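J.: One structure, pasted below without further comment.
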Amino acid sequence: AMWFGTMDGGVSCLLNDSLVNYTSNQGLGGNTVWAITQDTNGILWFGTNNGITGFNGKAFLPINEKDGLCNNQVFSMVVDSINTLWVGTLKGLSQIKLPDNSYFEGQSSESMKPEILNYGRRDGLVGLDFASNSVFIDNMNCIWWGTDNALTMLELSTFRSLTMAPIIHINDILFNEENINFKELMAKKQFSIPNGIEFDEVAPFTNNPTKLNVP
């Protein structure tokens with residue numbers, strides 16, 4: 001079968017000289033289709049103007065911003081060797097751990113929904129607007145993307161997704177743009193300041209107060 005994405009006309013499948021068209025009326029997320037790919041389970045994925053849509057030959061599964069996608073305008077998609085879908089959008093990159101076919105058959109629970117991680121400038125992306133179908137996985141297991149601002153590469157063999165929130169380290173605290181020396185106040189046993197700030201003690205080797213009370 002051959003699949004064709006269209007502008008405002010959905011997606012068409014050519015099989016045995018027969019052309020079948022699918023639109024939002026049949027469950028497609030959006031009727032403009034910029035990208036098409038297939039995962040290791042044989043499920044087709046369509047990048048549209050309203051998120052992505054999976055199709056197992058029987059049912060459609062739309063995924064959009066409401067489900068955690070970073071943006072609904074999807075311009076590129078690629079599936080890596082561990083069946084993770086990388087989605088390039090107008091405003092960043094989404095990494096999706098794809099569901100199996102049971103999700104399409106209604107056998108899955110809420111916990112089995114696709115896990116989505118999003119990446120932007122804070123994660124190292126220089127360009128957030130991904131070019132249409134400008135993505136490639138080379139023989140060194142690196143993904144290459146073309147964006148509005150840069151050529152971007154991700155080395156999959158060394159890449160590790162965050163599985164938990166990072167540990168926060170507070171280096172300094174400013175009040176009205178002024179630094180307060182809590183260690184010095186604690187040495188003087190002065191645990192309150194005229195502006196109403198109170199604290200119990202200072203964490204070892206830092207200037208960070210504990211049980212801080214700010215009016």
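To be explicit about the labels: the chains of the structure tokens are called A, B, and onward in the order shown, and within each one the residues are counted from 1, while ligands get numbers from 1 in the order they are shown.
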For stretch 32-34 of chain A, find every residue with an atom within 6 Å (counting only C-alpha atoms), except residues of its own chain fewer than 2 positions away, and show them as an MDAnalysis selection string.
T.: chainID A and resid 5:8 10 30 47:49 75
J.: Enumerate as a PyMOL selection string all residues of stretch 149-204 of chain A assigned to strand (DSSP E or B) by DSSP on the backbone, naming them with the chain letters and numbers the document uses.
T.: chain A and resi 151-155+174-175+178-179+192+198+201-202
J.: Residues at most 12 Å from A:Arg160, counting only C-alpha atoms, excluding those fewer than 5 positions away in the same chain, as a ChimeraX atom specification?
T.: /A:95,117,154-155
J.: Those same residues, written as an mmCIF file, in the first residue's frame with C-alpha atoms?
T.:
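What landed in out-v1.cif:
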```cif
data_model
loop_
_atom_site.group_PDB
_atom_site.id
_atom_site.type_symbol
_atom_site.label_atom_id
_atom_site.label_comp_id
_atom_site.auth_asym_id
_atom_site.auth_seq_id
_atom_site.Cartn_x
_atom_site.Cartn_y
_atom_site.Cartn_z
ATOM 1 C CA GLN A 95 9.561 12.011 22.489
ATOM 2 C CA LEU A 117 8.563 13.977 27.077
ATOM 3 C CA LEU A 154 20.988 13.618 18.948
ATOM 4 C CA GLU A 155 23.243 10.629 19.654
#
```
J.: Give the alpha helix (DSSP H) residues of chain A, as assigned by DSSP on the backbone, as number ranges by chain.
T.: A: 182-187
J.: Using only C-alpha atoms, determine which residues lie at most 10 Å from stretch 199-201 of chain A, disregarding the query and same-chain residues fewer than 4 positions distant; provide the list as a PyMOL selection string.
T.: chain A and resi 182-183+185-187+189-193+207-214
J.: Could you write those residues out with C-alpha atoms, as a PDB file, in the first residue's frame?
T.:
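Listing of again-v1.pdb after writing:
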```pdb
ATOM      1  CA  PHE A 182      21.917  33.973  57.220  1.00  0.00           C
ATOM      2  CA  LYS A 183      25.068  32.280  58.538  1.00  0.00           C
ATOM      3  CA  LEU A 185      22.684  36.071  61.638  1.00  0.00           C
ATOM      4  CA  MET A 186      22.653  32.548  63.037  1.00  0.00           C
ATOM      5  CA  ALA A 187      26.094  33.078  64.633  1.00  0.00           C
ATOM      6  CA  LYS A 189      21.530  33.969  67.334  1.00  0.00           C
ATOM      7  CA  GLN A 190      19.394  36.442  65.451  1.00  0.00           C
ATOM      8  CA  PHE A 191      16.658  34.356  63.817  1.00  0.00           C
ATOM      9  CA  SER A 192      14.413  37.193  62.682  1.00  0.00           C
ATOM     10  CA  ILE A 193      14.933  40.366  60.669  1.00  0.00           C
ATOM     11  CA  ASN A 207      23.846  30.122  53.377  1.00  0.00           C
ATOM     12  CA  ASN A 208      20.402  28.537  52.967  1.00  0.00           C
ATOM     13  CA  PRO A 209      17.982  28.980  55.883  1.00  0.00           C
ATOM     14  CA  THR A 210      15.635  26.182  56.963  1.00  0.00           C
ATOM     15  CA  LYS A 211      11.941  26.639  57.840  1.00  0.00           C
ATOM     16  CA  LEU A 212      12.028  30.079  56.273  1.00  0.00           C
ATOM     17  CA  ASN A 213       9.007  32.230  57.031  1.00  0.00           C
ATOM     18  CA  VAL A 214       8.422  35.185  54.721  1.00  0.00           C
TER      19      VAL A 214
END
```
J.: I want to know what sits within 12 Å of A:Gln26, based on only C-alpha atoms, with residues of the same chain fewer than 3 positions away left out; could you give that as a compact mmCIF listing (two decimals) with C-alpha atoms, in the first residue's frame?
T.:
```txt
# COMPACT_ATOMS: atom_id res chain seq x y z
CA GLY A 10 -6.78 14.00 5.01
CA VAL A 11 -4.71 10.96 4.05
CA VAL A 20 -9.34 5.05 0.04
CA ASN A 21 -9.43 8.42 1.77
CA TYR A 22 -9.47 9.06 5.54
CA THR A 23 -10.26 12.38 7.19
CA GLY A 29 -6.57 14.15 14.13
CA GLY A 30 -6.26 16.80 11.42
CA ASN A 31 -6.93 16.97 7.69
CA THR A 53 -2.68 10.06 14.81
CA PHE A 55 -3.68 3.84 12.76
CA GLY A 57 -5.64 -0.68 10.12
CA LYS A 58 -8.88 -0.65 12.11
CA ALA A 59 -8.90 2.23 14.59
CA PHE A 60 -7.39 5.71 14.89
CA LEU A 61 -5.61 7.04 17.97
CA PRO A 62 -5.16 10.84 18.02
```
J.: Using only C-alpha atoms, which of A:Asn41, A:Asn179, A:Asn141, A:Ser76 sits nearest A:Leu156?
T.: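 Of A:Asn41, A:Asn179, A:Asn141, A:Ser76, the one nearest A:Leu156 is A:Asn141, counting only C-alpha atoms.
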J.: Write out as a PyMOL selection string which residues come within 8 Å of A:Leu85 when counting only C-alpha atoms, dropping same-chain ones fewer than 4 positions away.
T.: chain A and resi 39+77-80+95-98
